[in-house]
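Printed here is model-v8.txt (compact mmCIF, C-alpha atoms and all ligand atoms):
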# COMPACT_ATOMS: atom_id res chain seq x y z
CA MET A 1 75.70 92.98 160.33
CA LYS A 2 79.22 92.42 159.04
CA ARG A 3 82.34 94.44 159.00
CA GLN A 4 85.86 94.29 157.64
CA THR A 5 88.38 92.61 159.86
CA GLY A 6 91.50 94.62 160.21
CA PRO A 7 94.46 94.49 162.56
CA ASN A 8 92.46 95.69 165.57
CA ARG A 9 89.14 94.25 164.61
CA ASN A 10 89.31 90.87 166.24
CA GLN A 11 88.92 90.85 169.93
CA SER A 12 91.88 89.21 171.57
CA PRO A 13 90.73 86.76 174.23
CA ALA A 14 92.45 88.45 177.14
CA GLU A 15 90.56 91.66 176.46
CA GLU A 16 87.52 92.78 178.39
CA PRO A 17 84.34 91.88 176.50
CA PHE A 18 83.30 95.54 176.63
CA SER A 19 85.85 98.33 176.41
CA TYR A 20 86.10 101.95 175.33
CA ARG A 21 87.76 102.68 172.02
CA ALA A 22 88.44 105.86 170.14
CA SER A 23 85.79 106.46 167.49
CA PRO A 24 86.41 108.31 164.20
CA GLY A 25 84.89 111.45 165.73
CA GLY A 26 87.59 111.39 168.36
CA ARG A 27 85.26 110.43 171.20
CA ARG A 28 85.69 107.27 173.19
CA VAL A 29 82.84 104.85 172.74
CA LEU A 30 82.04 101.59 174.50
CA CYS A 31 82.50 98.65 172.16
CA CYS A 32 81.78 94.97 172.20
CA GLY A 33 84.72 93.56 170.29
CA SER A 34 85.01 95.81 167.26
CA PHE A 35 81.43 97.03 167.40
CA PRO A 36 80.60 100.39 168.97
CA LEU A 37 77.48 99.81 171.06
CA SER A 38 76.05 102.99 169.55
CA GLU A 39 76.18 101.32 166.14
CA LEU A 40 74.40 98.23 167.45
CA ALA A 41 71.72 100.39 169.09
CA LYS A 42 71.15 102.21 165.83
CA LYS A 43 70.86 99.01 163.85
CA PHE A 44 68.88 96.84 166.30
CA GLY A 45 67.15 99.37 168.57
CA THR A 46 66.99 99.47 172.36
CA PRO A 47 66.64 97.95 174.90
CA LEU A 48 69.12 95.47 173.48
CA TYR A 49 71.07 92.63 175.02
CA VAL A 50 74.57 92.35 173.55
CA TYR A 51 76.75 89.28 174.14
CA SER A 52 80.38 88.66 173.34
CA ALA A 53 80.95 85.19 171.88
CA ALA A 54 84.70 85.62 172.42
CA ALA A 55 84.19 86.24 176.14
CA LEU A 56 81.88 83.27 176.46
CA ARG A 57 84.36 80.96 174.72
CA GLU A 58 87.23 82.32 176.75
CA ARG A 59 85.47 81.93 180.09
CA SER A 60 84.34 78.43 179.30
CA TRP A 61 87.84 77.49 178.22
CA VAL A 62 89.41 78.98 181.36
CA LEU A 63 87.00 77.17 183.68
CA ASP A 64 87.41 73.91 181.80
CA SER A 65 91.21 74.18 181.88
CA ALA A 66 91.16 74.77 185.62
CA PHE A 67 89.73 71.26 186.04
CA ALA A 68 92.12 69.67 183.55
CA GLY A 69 93.58 67.42 186.27
CA VAL A 70 90.37 65.48 186.89
CA PRO A 71 87.74 63.82 184.71
CA HIS A 72 84.99 66.39 184.42
CA THR A 73 82.23 67.86 182.27
CA LEU A 74 80.89 71.39 182.37
CA CYS A 75 77.10 71.21 182.19
CA TYR A 76 76.07 74.77 181.42
CA SER A 77 73.05 75.82 183.45
CA VAL A 78 70.54 76.67 180.74
CA LYS A 79 68.38 78.88 182.94
CA ALA A 80 71.14 81.50 183.13
CA ASN A 81 70.54 82.26 179.46
CA PRO A 82 68.65 79.80 177.28
CA ASN A 83 68.99 81.47 173.87
CA LEU A 84 69.44 78.79 171.20
CA SER A 85 72.44 80.51 169.64
CA ILE A 86 74.15 80.60 172.99
CA LEU A 87 73.35 76.93 173.62
CA ARG A 88 74.69 76.08 170.16
CA LEU A 89 77.93 77.92 170.85
CA ILE A 90 78.29 76.19 174.21
CA TYR A 91 77.54 72.78 172.73
CA GLY A 92 80.32 73.42 170.24
CA LEU A 93 82.68 73.84 173.17
CA LYS A 94 81.96 70.24 174.20
CA CYS A 95 79.93 71.27 177.21
CA GLY A 96 76.84 69.51 178.49
CA PHE A 97 73.76 71.14 179.98
CA ASP A 98 72.00 71.40 183.30
CA ILE A 99 68.27 71.77 182.70
CA VAL A 100 65.37 72.43 185.05
CA SER A 101 62.32 71.98 182.82
CA GLY A 102 60.91 70.26 179.77
CA GLY A 103 61.20 73.57 177.94
CA GLU A 104 64.93 73.70 178.57
CA LEU A 105 65.22 70.07 177.42
CA GLU A 106 63.45 71.01 174.21
CA ARG A 107 65.90 73.86 173.64
CA VAL A 108 68.88 71.58 174.11
CA LEU A 109 67.40 68.96 171.78
CA ARG A 110 66.86 71.67 169.15
CA VAL A 111 70.59 72.31 169.27
CA SER A 112 71.29 68.61 168.78
CA ARG A 113 69.48 65.37 169.63
CA ARG A 114 72.90 64.08 170.57
CA ALA A 115 73.32 66.72 173.26
CA ALA A 116 70.90 64.71 175.44
CA ALA A 117 73.75 62.39 176.41
CA ARG A 118 75.32 65.33 178.25
CA VAL A 119 72.20 66.60 180.00
CA VAL A 120 71.53 66.52 183.73
CA PHE A 121 68.00 67.33 184.85
CA SER A 122 67.64 69.25 188.14
CA GLY A 123 64.63 70.79 189.87
CA VAL A 124 62.23 70.08 192.74
CA GLY A 125 59.08 69.75 190.68
CA LYS A 126 59.65 67.59 187.62
CA THR A 127 56.35 66.43 186.13
CA ALA A 128 55.67 62.96 184.71
CA ALA A 129 55.56 64.47 181.22
CA GLU A 130 58.95 66.12 181.72
CA MET A 131 60.41 62.85 183.01
CA ASP A 132 59.03 60.97 180.00
CA ALA A 133 60.53 63.47 177.57
CA ALA A 134 63.91 63.23 179.28
CA LEU A 135 63.77 59.42 179.42
CA ARG A 136 62.92 59.24 175.72
CA ALA A 137 65.72 61.65 174.88
CA GLY A 138 68.16 59.51 176.88
CA ILE A 139 69.64 62.15 179.15
CA LEU A 140 72.75 61.50 181.19
CA MET A 141 71.24 61.79 184.66
CA PHE A 142 68.28 62.91 186.75
CA ASN A 143 69.14 64.91 189.84
CA VAL A 144 66.29 63.74 192.06
CA GLU A 145 65.20 66.00 194.88
CA SER A 146 62.67 63.99 196.92
CA GLU A 147 61.45 60.52 197.79
CA SER A 148 58.17 61.08 195.95
CA GLU A 149 60.01 62.22 192.84
CA LEU A 150 62.21 59.12 193.00
CA ALA A 151 59.11 56.91 193.19
CA LEU A 152 57.50 58.64 190.22
CA LEU A 153 60.69 58.41 188.18
CA ALA A 154 60.92 54.66 188.93
CA GLU A 155 57.34 54.28 187.69
CA ARG A 156 57.80 56.34 184.52
CA ALA A 157 61.09 54.63 183.66
CA ALA A 158 59.51 51.20 184.12
CA ARG A 159 56.55 52.19 181.97
CA LEU A 160 58.83 53.40 179.16
CA LYS A 161 61.30 50.57 179.76
CA ARG A 162 64.16 53.05 179.88
CA ARG A 163 66.85 52.92 182.52
CA ALA A 164 67.11 56.24 184.35
CA ARG A 165 70.48 57.14 185.77
CA VAL A 166 69.88 59.00 189.00
CA ALA A 167 71.75 61.12 191.46
CA LEU A 168 70.10 62.33 194.61
CA ARG A 169 70.55 66.01 195.12
CA VAL A 170 71.54 66.12 198.75
CA ASN A 171 71.14 69.07 201.01
CA PRO A 172 74.52 69.41 202.71
CA HIS A 173 73.37 72.01 205.25
CA VAL A 174 76.10 74.43 204.23
CA ALA A 175 75.51 78.16 204.42
CA ALA A 176 76.60 80.24 201.46
CA ASN A 177 77.20 83.92 201.87
CA THR A 178 74.80 85.13 199.21
CA HIS A 179 71.33 86.65 198.82
CA PRO A 180 68.71 84.59 200.72
CA TYR A 181 66.67 84.04 197.54
CA ILE A 182 69.57 82.29 195.82
CA SER A 183 70.94 80.35 198.77
CA THR A 184 69.80 76.73 198.51
CA GLY A 185 71.98 74.49 200.66
CA LEU A 186 70.39 74.76 204.10
CA ARG A 187 67.92 72.35 205.70
CA ARG A 188 65.19 74.98 205.67
CA HIS A 189 65.41 75.36 201.88
CA LYS A 190 63.15 73.41 199.56
CA PHE A 191 66.04 71.81 197.68
CA GLY A 192 67.47 68.33 197.84
CA VAL A 193 67.04 65.52 200.35
CA PRO A 194 68.67 65.52 203.79
CA MET A 195 71.99 63.67 203.91
CA THR A 196 70.56 61.40 206.59
CA GLU A 197 67.84 60.12 204.27
CA ALA A 198 70.01 59.75 201.23
CA ARG A 199 71.36 56.30 202.15
CA ARG A 200 67.91 54.77 202.54
CA LEU A 201 66.76 56.28 199.22
CA TYR A 202 69.85 55.07 197.36
CA ARG A 203 69.26 51.56 198.67
CA TRP A 204 65.67 51.73 197.52
CA ALA A 205 66.68 53.09 194.11
CA ALA A 206 69.29 50.39 193.65
CA ALA A 207 66.55 47.78 194.05
CA GLN A 208 64.39 49.26 191.27
CA PRO A 209 64.80 47.56 187.91
CA PHE A 210 64.69 50.79 185.91
CA LEU A 211 66.67 53.08 188.17
CA LEU A 212 70.43 53.16 188.13
CA PRO A 213 72.08 55.12 190.94
CA ALA A 214 74.92 56.83 189.10
CA GLY A 215 75.98 59.77 191.21
CA VAL A 216 75.38 62.28 193.96
CA SER A 217 74.65 65.92 193.32
CA VAL A 218 74.72 69.12 195.31
CA HIS A 219 74.06 72.78 194.56
CA ILE A 220 74.29 75.23 197.43
CA GLY A 221 73.25 78.47 195.77
CA SER A 222 74.27 81.15 193.36
CA GLN A 223 76.58 84.18 193.23
CA ILE A 224 78.94 82.58 195.76
CA THR A 225 82.41 84.10 195.52
CA GLU A 226 84.20 82.13 198.24
CA VAL A 227 85.52 78.63 197.72
CA ALA A 228 85.02 77.40 201.29
CA PRO A 229 81.26 76.65 201.09
CA PHE A 230 81.76 74.70 197.86
CA SER A 231 84.53 72.56 199.37
CA ALA A 232 82.58 72.03 202.59
CA ALA A 233 79.56 70.79 200.65
CA LEU A 234 81.69 68.57 198.42
CA ARG A 235 83.47 67.02 201.40
CA ARG A 236 80.12 65.93 202.80
CA VAL A 237 79.08 64.57 199.44
CA ILE A 238 82.31 62.64 199.04
CA ALA A 239 81.89 61.04 202.47
CA LEU A 240 78.47 59.85 201.33
CA VAL A 241 79.86 58.57 198.02
CA ARG A 242 82.47 56.50 199.88
CA GLU A 243 79.84 54.98 202.15
CA LEU A 244 77.56 54.13 199.29
CA ARG A 245 80.37 52.59 197.31
CA GLU A 246 81.21 50.41 200.27
CA GLU A 247 77.64 49.21 200.12
CA GLY A 248 78.27 48.21 196.52
CA LEU A 249 76.70 51.10 194.62
CA ARG A 250 78.62 52.01 191.52
CA LEU A 251 78.49 55.77 191.58
CA THR A 252 80.39 57.41 188.75
CA TYR A 253 79.41 61.06 188.97
CA VAL A 254 79.69 63.76 191.54
CA ASP A 255 77.73 66.79 190.44
CA CYS A 256 79.03 69.86 192.29
CA GLY A 257 76.31 72.15 190.94
CA GLY A 258 76.93 75.72 189.89
CA GLY A 259 76.88 78.93 191.83
CA LEU A 260 80.31 80.44 191.31
CA GLY A 261 79.79 84.19 191.48
CA ILE A 262 81.12 87.10 189.48
CA ASN A 263 82.23 90.60 190.31
CA TYR A 264 79.27 92.90 189.79
CA GLY A 265 81.39 95.76 191.05
CA GLY A 266 82.73 96.32 194.52
CA GLN A 267 83.81 92.75 195.20
CA ARG A 268 87.50 92.09 195.12
CA LEU A 269 88.06 89.00 192.99
CA PRO A 270 91.26 87.87 191.32
CA PRO A 271 91.47 87.83 187.51
CA PHE A 272 89.28 85.06 186.14
CA PRO A 273 91.98 82.45 185.41
CA ARG A 274 93.27 82.64 188.96
CA TYR A 275 89.75 82.74 190.39
CA ALA A 276 88.76 79.64 188.39
CA GLU A 277 91.97 77.93 189.45
CA ARG A 278 91.20 78.55 193.12
CA TYR A 279 87.69 77.22 192.73
CA ALA A 280 88.98 74.11 190.98
CA GLN A 281 91.68 73.55 193.58
CA GLY A 282 89.15 73.87 196.39
CA LEU A 283 86.94 71.25 194.80
CA VAL A 284 89.70 68.90 193.76
CA ARG A 285 91.16 68.98 197.26
CA ALA A 286 87.78 68.20 198.77
CA LEU A 287 87.51 65.31 196.35
CA GLY A 288 90.69 63.77 197.72
CA PRO A 289 91.76 60.46 196.23
CA THR A 290 88.22 59.28 195.48
CA PRO A 291 88.01 58.67 191.73
CA VAL A 292 84.89 60.26 190.29
CA HIS A 293 83.74 62.07 187.19
CA LEU A 294 83.01 65.64 188.26
CA LEU A 295 80.04 67.46 186.80
CA LEU A 296 79.90 71.22 187.14
CA GLU A 297 76.86 73.34 186.41
CA PRO A 298 78.15 76.86 185.84
CA GLY A 299 75.72 79.48 184.60
CA ARG A 300 76.36 83.01 185.75
CA VAL A 301 80.13 82.73 185.79
CA LEU A 302 80.21 81.88 182.07
CA LEU A 303 77.57 84.25 180.76
CA GLY A 304 77.26 87.13 183.24
CA PRO A 305 80.23 89.28 182.27
CA ALA A 306 79.83 88.34 178.59
CA GLY A 307 76.63 90.36 178.23
CA ALA A 308 75.37 93.90 178.68
CA LEU A 309 71.95 95.51 178.41
CA LEU A 310 71.95 98.56 176.20
CA THR A 311 69.31 101.18 176.95
CA ARG A 312 68.50 104.73 175.91
CA VAL A 313 67.80 107.58 178.29
CA LEU A 314 64.25 108.76 177.63
CA TYR A 315 63.98 111.55 180.18
CA ARG A 316 65.67 113.26 183.03
CA LYS A 317 63.53 114.54 185.83
CA THR A 318 63.88 116.05 189.28
CA ASN A 319 61.46 115.41 192.13
CA GLY A 320 62.49 117.63 195.00
CA PRO A 321 66.02 116.65 195.92
CA LYS A 322 65.97 113.46 193.79
CA ARG A 323 67.26 113.25 190.28
CA PHE A 324 65.98 110.50 188.01
CA VAL A 325 67.24 109.15 184.74
CA VAL A 326 64.38 107.33 183.01
CA THR A 327 65.53 104.66 180.57
CA ASP A 328 63.70 102.69 177.90
CA ALA A 329 64.70 99.42 179.64
CA ALA A 330 62.82 98.39 182.76
CA MET A 331 62.55 95.70 185.40
CA ASN A 332 60.76 93.48 182.89
CA ASP A 333 64.00 93.47 180.85
CA LEU A 334 66.41 93.04 183.74
CA LEU A 335 64.82 92.02 187.01
CA ARG A 336 67.86 91.46 189.20
CA PRO A 337 68.03 94.90 190.83
CA SER A 338 64.32 94.81 191.70
CA LEU A 339 64.25 91.15 192.74
CA TYR A 340 67.49 90.88 194.70
CA GLY A 341 68.55 94.48 195.18
CA ALA A 342 71.41 93.45 192.90
CA HIS A 343 74.08 95.91 191.89
CA HIS A 344 74.94 96.30 188.19
CA ARG A 345 77.53 98.75 186.95
CA ILE A 346 75.99 101.34 184.63
CA VAL A 347 78.14 103.30 182.21
CA PRO A 348 77.48 105.80 179.44
CA VAL A 349 78.26 104.37 176.01
CA GLU A 350 79.98 107.59 175.08
CA GLY A 351 83.06 108.00 177.22
CA GLY A 352 84.96 111.12 178.04
CA GLY A 353 85.37 113.25 181.12
CA ARG A 354 82.23 114.75 182.62
CA SER A 355 81.15 115.61 186.08
CA LEU A 356 79.41 113.13 188.33
CA GLU A 357 75.95 113.45 189.82
CA THR A 358 73.82 111.31 192.12
CA VAL A 359 70.83 109.80 190.37
CA ASP A 360 68.32 106.97 190.40
CA VAL A 361 68.27 105.09 187.11
CA VAL A 362 64.71 103.89 186.63
CA GLY A 363 62.51 102.26 184.01
CA PRO A 364 59.04 103.26 182.76
CA ILE A 365 57.14 100.55 184.69
CA CYS A 366 54.45 101.52 187.18
CA GLU A 367 56.29 100.18 190.24
CA THR A 368 58.59 101.98 192.63
CA GLY A 369 60.64 98.78 192.54
CA ASP A 370 61.43 99.41 188.88
CA PHE A 371 64.98 100.67 189.15
CA PHE A 372 68.48 99.77 187.99
CA ALA A 373 70.36 101.94 190.47
CA ARG A 374 69.50 104.13 193.42
CA ASP A 375 71.47 107.12 194.63
CA ARG A 376 74.27 106.14 192.28
CA ARG A 377 77.15 108.47 191.40
CA LEU A 378 77.13 108.49 187.60
CA PRO A 379 78.58 110.71 184.89
CA GLN A 380 75.95 113.27 183.85
CA VAL A 381 73.98 111.91 180.91
CA LYS A 382 71.67 113.69 178.52
CA GLU A 383 68.26 112.65 177.23
CA GLY A 384 68.71 110.44 174.18
CA GLU A 385 72.07 109.08 175.31
CA LEU A 386 72.87 105.40 175.56
CA LEU A 387 73.71 103.57 178.79
CA ALA A 388 75.13 100.10 179.17
CA ILE A 389 74.08 98.01 182.15
CA MET A 390 76.98 95.65 182.64
CA ASP A 391 77.27 91.98 183.61
CA ALA A 392 73.77 91.27 182.38
CA GLY A 393 74.51 88.15 180.32
CA ALA A 394 73.12 85.74 182.92
CA TYR A 395 69.66 85.98 184.53
CA GLY A 396 68.96 89.03 182.39
CA MET A 397 66.95 88.01 179.36
CA SER A 398 66.09 84.69 181.00
CA LEU A 399 64.12 86.53 183.70
CA ALA A 400 62.51 88.98 181.27
CA SER A 401 58.73 89.24 181.11
CA ASN A 402 56.00 91.16 179.32
CA TYR A 403 54.95 93.01 182.47
CA ASN A 404 53.16 96.26 181.63
CA SER A 405 52.62 94.69 178.18
CA ARG A 406 56.12 95.67 177.22
CA LEU A 407 57.74 93.91 174.30
CA ARG A 408 60.77 91.89 175.25
CA ALA A 409 64.15 93.13 174.04
CA ALA A 410 66.19 91.86 171.11
CA GLU A 411 69.47 89.98 171.61
CA VAL A 412 72.62 90.32 169.56
CA MET A 413 75.76 88.22 169.64
CA VAL A 414 79.05 89.75 168.57
CA ASP A 415 81.37 87.13 167.17
CA GLY A 416 84.57 88.47 165.60
CA ALA A 417 83.58 90.47 162.56
CA ARG A 418 79.88 89.70 162.87
CA ALA A 419 77.11 91.04 165.04
CA LYS A 420 74.25 88.62 164.70
CA LEU A 421 70.67 89.05 165.80
CA ILE A 422 69.96 85.95 167.90
CA ARG A 423 66.47 86.92 169.05
CA ARG A 424 64.40 89.52 167.30
CA ARG A 425 62.57 92.17 169.22
CA GLU A 426 59.03 91.15 170.09
CA THR A 427 56.16 92.71 168.16
CA MET A 428 52.62 93.62 169.16
CA ARG A 429 51.57 90.48 167.34
CA ASP A 430 53.87 88.34 169.55
CA LEU A 431 52.41 90.07 172.57
CA LEU A 432 48.81 89.17 171.76
CA ARG A 433 49.34 85.85 170.05
CA GLN A 434 48.24 83.53 172.89
CA GLU A 435 45.09 85.35 173.80
CA ILE A 436 41.62 84.26 172.81
C1 LIG B 501 70.68 77.79 188.93
C2 LIG B 501 71.40 76.52 189.05
C3 LIG B 501 72.72 76.41 188.58
C4 LIG B 501 73.49 77.57 188.03
O1 LIG B 501 73.80 78.52 188.99
P1 LIG B 501 74.84 79.70 188.64
O2 LIG B 501 74.86 80.50 189.87
O3 LIG B 501 74.27 80.43 187.48
O4 LIG B 501 76.14 79.06 188.33
C5 LIG B 501 73.32 75.18 188.65
N1 LIG B 501 72.67 74.10 189.16
C6 LIG B 501 71.41 74.18 189.63
C7 LIG B 501 70.77 72.97 190.17
C8 LIG B 501 70.73 75.38 189.60
O5 LIG B 501 69.50 75.46 190.08
What is this file in structure tokens?
Ligand SMILES: *Cc1c(COP(=O)(O)O)cnc(C)c1O
Amino acid sequence: MKRQTGPNRNQSPAEEPFSYRASPGGRRVLCCGSFPLSELAKKFGTPLYVYSAAALRERSWVLDSAFAGVPHTLCYSVKANPNLSILRLIYGLKCGFDIVSGGELERVLRVSRRAAARVVFSGVGKTAAEMDAALRAGILMFNVESESELALLAERAARLKRRARVALRVNPHVAANTHPYISTGLRRHKFGVPMTEARRLYRWAAAQPFLLPAGVSVHIGSQITEVAPFSAALRRVIALVRELREEGLRLTYVDCGGGLGINYGGQRLPPFPRYAERYAQGLVRALGPTPVHLLLEPGRVLLGPAGALLTRVLYRKTNGPKRFVVTDAAMNDLLRPSLYGAHHRIVPVEGGGRSLETVDVVGPICETGDFFARDRRLPQVKEGELLAIMDAGAYGMSLASNYNSRLRAAEVMVDGARAKLIRRRETMRDLLRQEI
């Protein structure tokens, strides 16, 4: 889908990725760049994920600039949104990638074989086959999460005669104020190795012919909007780096993980440039004078606000005192509200003054947990109208499933004067393809 570029057609970077604009009919309509979401829904159907390339570029640039004072690489966390077109765009911005599976490695390699040199591989359960694929591709670094994994990696690397650069992902025992399911930096969590064991494991790794200790990594969780837990974790990591260097290990990289949160509504966060600046300052201060190459693994903070899920109201219904708005999107399309009780702003695509009502916005799936909002004050919407579920660019499509044998949504990327289909809507054929 293409359109003429005129004076107002190109989204200026400082603009919100989604904003209301006056339409020819005089009504205000929610647009992504120059595209009314109603137009995209008509062309591509619903439910539909819509992403703003301009917003993604802008956010990546802002975060990168905030770290301009120190050697660093942004390694985009692929699991936040693994669409190939998104990875391609991000690769073009000189970013690397943080992967957690062989499938994510394959995606990155599809973008470019050369991207491997900027890939870090995280995750508590890497298989031998995944290690082999990553060793053959020549990735930058393995973030190793246990003694057993380290032993297996040493074995696989020796077998393939490829040197594996490793960082141990340490567990700094730092609490992050976030949902328990996405908090990862405490001793009781499955992630990383305890700080106290790290030294012994580094010594062991340094003695292996095909392992090269190259860094230390940490990731304390996701949707963290305060800087303090990040700096606390990094301070502990830096103390370890100093010790290990004194022992003669040449550690180049400190991987600070991802986890920087976004404003889903309700939080009070500064504008993104200032927010990114604060985050960077917090980390750089914790780093102190120790010279390292910082790796950052942002996911949500880059993609979240750059995407929205577009859905159509199928029905309205009233059960006793409760009012429901039933949409054609469901928890299989966007799981976050059901999984984490997450809040997403929901707005009608057609703007304009109307009265508010209290409703539950729910999907068609046979689960009470299938909801996008509960007892939410929303403008009154009619059957057939479009709603936009905001901040759905990260952990939206990547958590989508075929539950209830529903076909997964299509994805569209708006880039200047183009709105490009980047994943077509699934068909019945796709749905049944694997079955025998
Ligand atoms: C999920 C994950 C990230 C990205 O987290 P965000 O909250 O999306 O920034 C980064 N690193 C690791 C190891 C992860 O598991």
Report task. Rank A:Ala308, A:Ile220, A:Leu30, A:Val347 by their smallest atom-to-atom distance to ligand LIG 501 (chain B), using all atoms listed in the file, and report the top residue only. Result -> A:Ile220
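Closest approach to Glu247 in chain A among A:Phe121, A:Tyr202, A:Tyr315, A:Tyr51 is made by A:Tyr202 (distances from all atoms listed in the file).
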Report task. Name the residues, by chain letter and number, that sit within 10 Å of ligand LIG 501 (chain B) using only C-alpha atoms and all ligand atoms, and give them as a PyMOL selection string. Result -> chain A and resi 75-81+97-100+120-124+143+169+182-184+191-192+217-224+255-262+296-304+394-395
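Going from CA of Arg425 in chain A to CA of Ala409 in chain A covers 5.2 Å.
Atom pair CA of Ala117 in chain A / CA of His72 in chain A has a distance of 14.4 Å (rounded to one decimal).
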**Report entry** Near-Arg188 in chain A list (12 Å; all atoms listed in the file; drop same-chain fewer than 4 positions) as a ChimeraX atom specification
**Finding:** /A:171-175,180,183-184,192-194
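Considering the residues A:Lys420, A:Arg376, A:Arg107, A:His343 and counting only C-alpha atoms, Gly265 in chain A has its shortest atom-to-atom contact with A:His343.
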Report task. Pick out the closest residue to Leu249 in chain A from this set: A:Glu145, A:Val216, A:Ala232, A:Ala206. Count only C-alpha atoms. Result -> A:Ala206
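The residue set within 9 Å of Val241 in chain A, counting all atoms listed in the file and dropping same-chain residues fewer than 4 places from it, reads Gly215, Val216, Arg236, Val237, Arg245, Glu246, Leu249, Leu251, Val254 and Thr290 of chain A.
Each of A:Arg316, A:Arg110, A:Arg203, A:Arg163 was checked against Arg136 in chain A using only C-alpha atoms; the smallest atom-to-atom distance is that of A:Arg163.
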**Report entry** Arg374 in chain A environment, 12 Å, all atoms listed in the file, sequence neighbours closer than 6 positions dropped, as a list in words
**Finding:** Lys322, Arg323, Phe324, Val325, Pro337, Ser338, Gly341, Ala342, His343, His344, Arg345, Ile346, Glu357, Thr358, Val359, Asp360, Val361, Val362, Gly363 and Thr368 of chain A
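Candidate residues A:Pro209, A:Val227, A:Arg187, A:Ala167 were compared for distance to Arg250 in chain A, and the nearest is A:Ala167, using all atoms listed in the file.
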Query - Spatial neighbours of range 270-287 of chain A, 7 Å, all atoms listed in the file, chain gap at least 6 places, as a list in words - result: Val62, Leu63, Ala66, Phe67, Val227, Phe230, Ser231, Leu234, Arg235 and Ile238 of chain A
Query - Residue neighbourhood Ala388 in chain A, 10 Å, all atoms listed in the file, exclusion window fewer than 6 positions, as a ChimeraX atom specification - result: /A:18,30,37,47-50,307-312,344-350
Preceding selection exported with C-alpha atoms as a CSV table (one decimal), in the coordinates of the input:
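See result_5.csv below for the written result:
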chain,number,residue,atom,x,y,z
A,18,PHE,CA,83.3,95.5,176.6
A,30,LEU,CA,82.0,101.6,174.5
A,37,LEU,CA,77.5,99.8,171.1
A,47,PRO,CA,66.6,98.0,174.9
A,48,LEU,CA,69.1,95.5,173.5
A,49,TYR,CA,71.1,92.6,175.0
A,50,VAL,CA,74.6,92.4,173.6
A,307,GLY,CA,76.6,90.4,178.2
A,308,ALA,CA,75.4,93.9,178.7
A,309,LEU,CA,72.0,95.5,178.4
A,310,LEU,CA,72.0,98.6,176.2
A,311,THR,CA,69.3,101.2,177.0
A,312,ARG,CA,68.5,104.7,175.9
A,344,HIS,CA,74.9,96.3,188.2
A,345,ARG,CA,77.5,98.8,187.0
A,346,ILE,CA,76.0,101.3,184.6
A,347,VAL,CA,78.1,103.3,182.2
A,348,PRO,CA,77.5,105.8,179.4
A,349,VAL,CA,78.3,104.4,176.0
A,350,GLU,CA,80.0,107.6,175.1
Report task. Step by step: start from the point (80.9, 88.3, 172.4) in the file's coordinates, keep every protein, DNA or RNA residue that has an atom no farther than 7 Å from it, count all atoms listed in the file, and write the set as a list in words. Result -> Pro17, Cys32, Gly33, Tyr51, Ser52, Ala53, Ala54, Ala55, Leu56, Ala306, Met413, Val414 and Asp415 of chain A
Requested in this report: Dig up all the protein and nucleic acid residues within 10 Å of (69.5, 114.7, 178.3) in the file frame, using only C-alpha atoms, and format them as an MDAnalysis selection string.
Outcome: chainID A and resid 313:317 325 380:385
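For the pair CA of Leu40 in chain A and CA of Val412 in chain A, the interatomic distance is 8.4 Å.
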Please, can range 96-102 of chain A be completed to N, CA, C and O atoms and returned as a compact mmCIF listing (two decimals), keeping the file's coordinate frame?
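Written file, selection_8.txt:
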# COMPACT_ATOMS: atom_id res chain seq x y z
N GLY A 96 78.18 70.06 178.34
CA GLY A 96 76.84 69.51 178.49
C GLY A 96 75.93 70.60 179.02
O GLY A 96 76.28 71.78 179.01
N PHE A 97 74.75 70.17 179.51
CA PHE A 97 73.76 71.14 179.98
C PHE A 97 73.10 70.68 181.26
O PHE A 97 72.85 69.49 181.44
N ASP A 98 72.82 71.64 182.12
CA ASP A 98 72.00 71.40 183.30
C ASP A 98 70.65 72.05 183.02
O ASP A 98 70.59 73.25 182.77
N ILE A 99 69.60 71.23 183.01
CA ILE A 99 68.27 71.77 182.70
C ILE A 99 67.36 71.66 183.92
O ILE A 99 67.61 70.85 184.81
N VAL A 100 66.31 72.47 183.93
CA VAL A 100 65.37 72.43 185.05
C VAL A 100 63.91 72.36 184.58
O VAL A 100 63.00 72.53 185.39
N SER A 101 63.70 72.11 183.29
CA SER A 101 62.32 71.98 182.82
C SER A 101 62.30 71.28 181.47
O SER A 101 63.32 71.17 180.78
N GLY A 102 61.09 70.86 181.08
CA GLY A 102 60.91 70.26 179.77
C GLY A 102 61.20 71.27 178.66
O GLY A 102 61.69 70.91 177.59
